[in-house]
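Q: Below is the structure I would like to discuss, written out as structure tokens.
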Amino acid sequence: MIIAVASGKGGTGKTTVATNLAYYRARDEKVFFMDLDVEEPNAAVFLKPEIEEEYPAVKKVPQIDEEKCKNCGKCARACAFNALAAALDKILVFPEMCHSCGLCSKVCPFDAIREIDYEIGKVFRGNSSGQILFYEGKLNIGETSTPEVISAVKKNIVPGHLTVLDAPPGASCSVMETLEEVDFCLLVAEPTPFGLSDLKLMVELMKEMSIPSGIIINQWQEENLIIDRFAEEKNLPVLLRIPFDRRIAHAYSKGELFSETIEDYQNIFEPVVPGIKELIKK
Amino acid sequence: MKIVMPVSNNSPDALIDDRFGRCPYFAIHDTESGKTTFVANDVQESGSGVNAASNVLKFSPDAVITLTIGPKAFRVIKTSGTKIYEGVKGNIKQNIELLTRGELKEINAPNN
């Protein structure tokens, strides 16, 4: 089963939920954990994996054969992303702008363009306490091809294992890439107007992509039920309420898994996976 | 000498624009005839700087005056050896005068 942990808003507790959930489940089974927040991966801070391998994440970009190129500019005009520019006497390539569509090589009348691999980021593989197979994607500085790095990490998914995907924030391309082919999405929301507004966007996205989902309310307080009310109104399942507790923030600030270091919370993630299974059955 | 600069509109008293790739118009001034013509900038969703820079090169300018220029547009313009000068906030005329008096600094690296 592949579970994505997402949220519209940043800083709502995606990584907290994803890492603690993986840690809890790893008591009983091997868990694949993938940090797909590739612009700012930080799950490693909490899971402290031993990294065993790293390899480049690549995309295809054009390379101009200057001997064959007659500088006709057809490729630059065809490129929808301005990744190629016809300067006075040569074609310039801006690989960071390229979406790897391959159109330039198709329109070139002189067969002067071939596609080559270009590194946009790195994939790290390791393990945490033997039971968690850890993967992390990291986008190189200056690059923008976030979905391609996410997709490179996701190639490591092995069907049949519980897999927890820590998604990037937002509701755009990179989140959609993360959500491709997941079985369930946990939506982490904090009870603030901002949190609610972005949760609504995610609920829309779930509908659009036909992904079953449930809400985890983080920093939950009895006197602030803004998310609870929305969930009730829309008939959305709330799978867990993580209380507003200074000790959790404290554990986080030290890079600790709060369900490991705070005794009261050792089993807080117990209902999550059974709850998901129940919802998927429906 | 032909001078190109990004400007806020297509009138002779237009101000130099804050942006290079996403300015509304380019002014092309010919110092010999004293004439200024305007071309609308074909602003793109992605890669406006690259696109604007390759369009600017088509005017074969001797100099470009701009307040800011990013790394990609800079690279495109520089393939032609065209000099890029840092303009001052103000209108076309003021910038042309400063350039011809040699009072504008050359931009040797992208500044935006």
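Chain labels A, B, ... are given in the sequence in which chains occur in the structure tokens; within each chain residues are numbered consecutively from 1, and ligands are likewise numbered from 1 in the order shown.
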With only C-alpha atoms counted and 12 Å as the cut-off, give the residues of region 39-64 of chain B in contact with region 8-16 of chain B, each with its shortest interatomic distance in Å and the pair that gives it, as a tab-separated table.
A:
residue	atom	partner	partner_atom	distance
B:Val39	CA	B:Asn10	CA	7.8
B:Ala40	CA	B:Asn10	CA	8.0
B:Asn41	CA	B:Asn9	CA	10.4
B:Val64	CA	B:Ile16	CA	11.6
Q: Let's have the selection written as a tab-separated table (two decimals), in the first residue's frame, with N, CA, C and O atoms.
A:
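To be explicit, this is the file written out as selection18.tsv:
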chain	number	residue	atom	x	y	z
B	39	VAL	N	8.89	48.52	-30.19
B	39	VAL	CA	8.42	47.18	-30.53
B	39	VAL	C	7.86	46.56	-29.26
B	39	VAL	O	8.50	46.61	-28.20
B	40	ALA	N	6.64	46.02	-29.36
B	40	ALA	CA	6.04	45.38	-28.19
B	40	ALA	C	6.85	44.13	-27.84
B	40	ALA	O	7.27	43.39	-28.72
B	41	ASN	N	7.07	43.94	-26.55
B	41	ASN	CA	7.81	42.76	-26.10
B	41	ASN	C	6.84	41.57	-26.05
B	41	ASN	O	5.75	41.66	-25.49
B	64	VAL	N	22.84	48.11	-25.23
B	64	VAL	CA	21.56	47.90	-24.55
B	64	VAL	C	21.65	48.65	-23.23
B	64	VAL	O	22.66	48.56	-22.53
Q: Which residues of region 121-236 of chain A come within 12 Å of region 270-273 of chain A, and what is each one's closest atom pair and distance in Å (one decimal), counting only C-alpha atoms, sorted by chain and residue number, as CSV?
A:
residue,atom,partner,partner_atom,distance
A:Leu162,CA,A:Val273,CA,9.7
A:Thr163,CA,A:Val273,CA,11.4
A:Val164,CA,A:Val273,CA,10.9
A:Asp183,CA,A:Val273,CA,11.8
A:Phe184,CA,A:Val273,CA,10.2
A:Cys185,CA,A:Val273,CA,11.4
A:Leu186,CA,A:Val272,CA,9.3
A:Ser213,CA,A:Val272,CA,11.7
A:Gly214,CA,A:Val272,CA,9.5
A:Ile215,CA,A:Val272,CA,10.2
A:Ile216,CA,A:Val272,CA,9.1
Q: Those selected residues, please, written with N, CA and C atoms and delivered as a compact mmCIF listing (two decimals), in the first residue's frame.
A:
# COMPACT_ATOMS: atom_id res chain seq x y z
N LEU A 162 4.38 -1.60 2.44
CA LEU A 162 3.85 -0.33 2.92
C LEU A 162 4.87 0.75 2.56
N THR A 163 4.40 1.78 1.85
CA THR A 163 5.28 2.85 1.40
C THR A 163 4.69 4.18 1.84
N VAL A 164 5.50 4.96 2.55
CA VAL A 164 5.03 6.27 3.01
C VAL A 164 5.77 7.33 2.20
N ASP A 183 -2.29 4.83 -3.17
CA ASP A 183 -3.56 4.21 -2.81
C ASP A 183 -4.38 5.10 -1.90
N PHE A 184 -3.67 5.97 -1.17
CA PHE A 184 -4.38 6.79 -0.19
C PHE A 184 -3.55 8.03 0.09
N CYS A 185 -4.25 9.11 0.43
CA CYS A 185 -3.53 10.33 0.78
C CYS A 185 -3.99 10.84 2.15
N LEU A 186 -3.03 10.99 3.05
CA LEU A 186 -3.31 11.62 4.35
C LEU A 186 -3.13 13.12 4.19
N SER A 213 -8.94 9.75 0.56
CA SER A 213 -8.13 10.52 1.50
C SER A 213 -8.78 10.63 2.85
N GLY A 214 -7.99 10.98 3.84
CA GLY A 214 -8.47 11.24 5.19
C GLY A 214 -7.62 12.33 5.80
N ILE A 215 -8.19 12.98 6.82
CA ILE A 215 -7.52 14.14 7.41
C ILE A 215 -6.82 13.77 8.71
N ILE A 216 -5.65 14.32 8.91
CA ILE A 216 -5.02 14.28 10.23
C ILE A 216 -4.91 15.73 10.69
Q: Once you count only C-alpha atoms, which residues of chain B turn out to be within 7 Å of chain A? Could you give them as a list in words?
A: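 Those within range of chain A come out as Ser46, Gly47, Val50, Asn51, Ser54, Val76, Thr79 and Ser80 of chain B.
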Q: Using Å and a single decimal, report how far CA of Ile120 (chain A) sits from CA of Ser172 (chain A).
A: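 Taking CA of Ser172 (chain A) and CA of Ile120 (chain A), their separation equals 19.0 Å.
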Q: Neighbours of region 27-30 of chain B within 7 Å (only C-alpha atoms; same-chain residues fewer than 4 positions away dropped), as a PyMOL selection string?
A: chain B and resi 1-7+34-39
Q: Closest to Tyr24 (chain A) among A:Glu115, A:Glu136, A:Glu260, A:Glu96, using only C-alpha atoms?
A: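 Among the listed residues, the smallest separation from Tyr24 (chain A) belongs to A:Glu260.
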Q: DSSP on the backbone, strand (DSSP E or B) only: what residues of chain B does that give? Format it as a PyMOL selection string.
A: chain B and resi 2-7+15-16+25-30+35-40+63-66+83-86+91+105-106
Q: Which residues are close to Ile2 (chain A), i.e. within 12 Å by only C-alpha atoms, leaving aside same-chain residues fewer than 5 positions away? Reply as a count of residues only.
A: 32
Q: Restricting the calculation to only C-alpha atoms: of A:Cys69, A:Leu240, A:Leu196, A:Ile132, which residue gets closest to Val17 (chain A)?
A: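 Among the listed residues, A:Leu240 lies closest to Val17 (chain A).
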Q: Quick one, how far is CA of Asp117 (chain A) from CA of Gly70 (chain B)?
A: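 Between these atoms lies a distance of 25.5 Å.
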Q: Mind checking which residues fall within 7 Å of region 61-65 of chain A, counting only C-alpha atoms, ignoring those fewer than 4 positions away in the same chain, and posting them as a ChimeraX atom specification?
A: /A:69,95,98,100,112-118
Q: From the list B:Ile92, B:Tyr25, B:Glu106, B:Leu67, which residue is nearest Ala52 (chain B) when using only C-alpha atoms?
A: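 Under the stated criterion, the closest residue is B:Tyr25.
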Q: Can you measure CA of Pro168 (chain A) to CA of Val38 (chain A) for me? One decimal in Å is fine.
A: 7.2 Å
Q: For each of B:Glu45, B:Thr68, B:Ala53, B:Val88, take the minimum atom-to-atom distance to Asn112 (chain B), counting only C-alpha atoms, then give the residue where this is smallest.
A: B:Thr68
Q: Leaving out Glu103 (chain B) and any residue of its chain fewer than 2 positions from it, which residues lie within 12 Å of it when counting only C-alpha atoms, given as a count of residues only?
A: 15
Q: Would you please work out which residue, of A:Glu177, A:Glu204, A:Asp28, A:Glu232, is nearest to Pro147 (chain A) when using only C-alpha atoms?
A: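 Comparing A:Glu177, A:Glu204, A:Asp28, A:Glu232 against Pro147 (chain A), the winner is A:Glu177.
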Q: Which is closer to Ala26 (chain A) than all the others in A:Glu53, A:Asn127, A:Glu39, A:Ile217, using only C-alpha atoms?
A: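 For Ala26 (chain A), the nearest of the candidates is A:Asn127.
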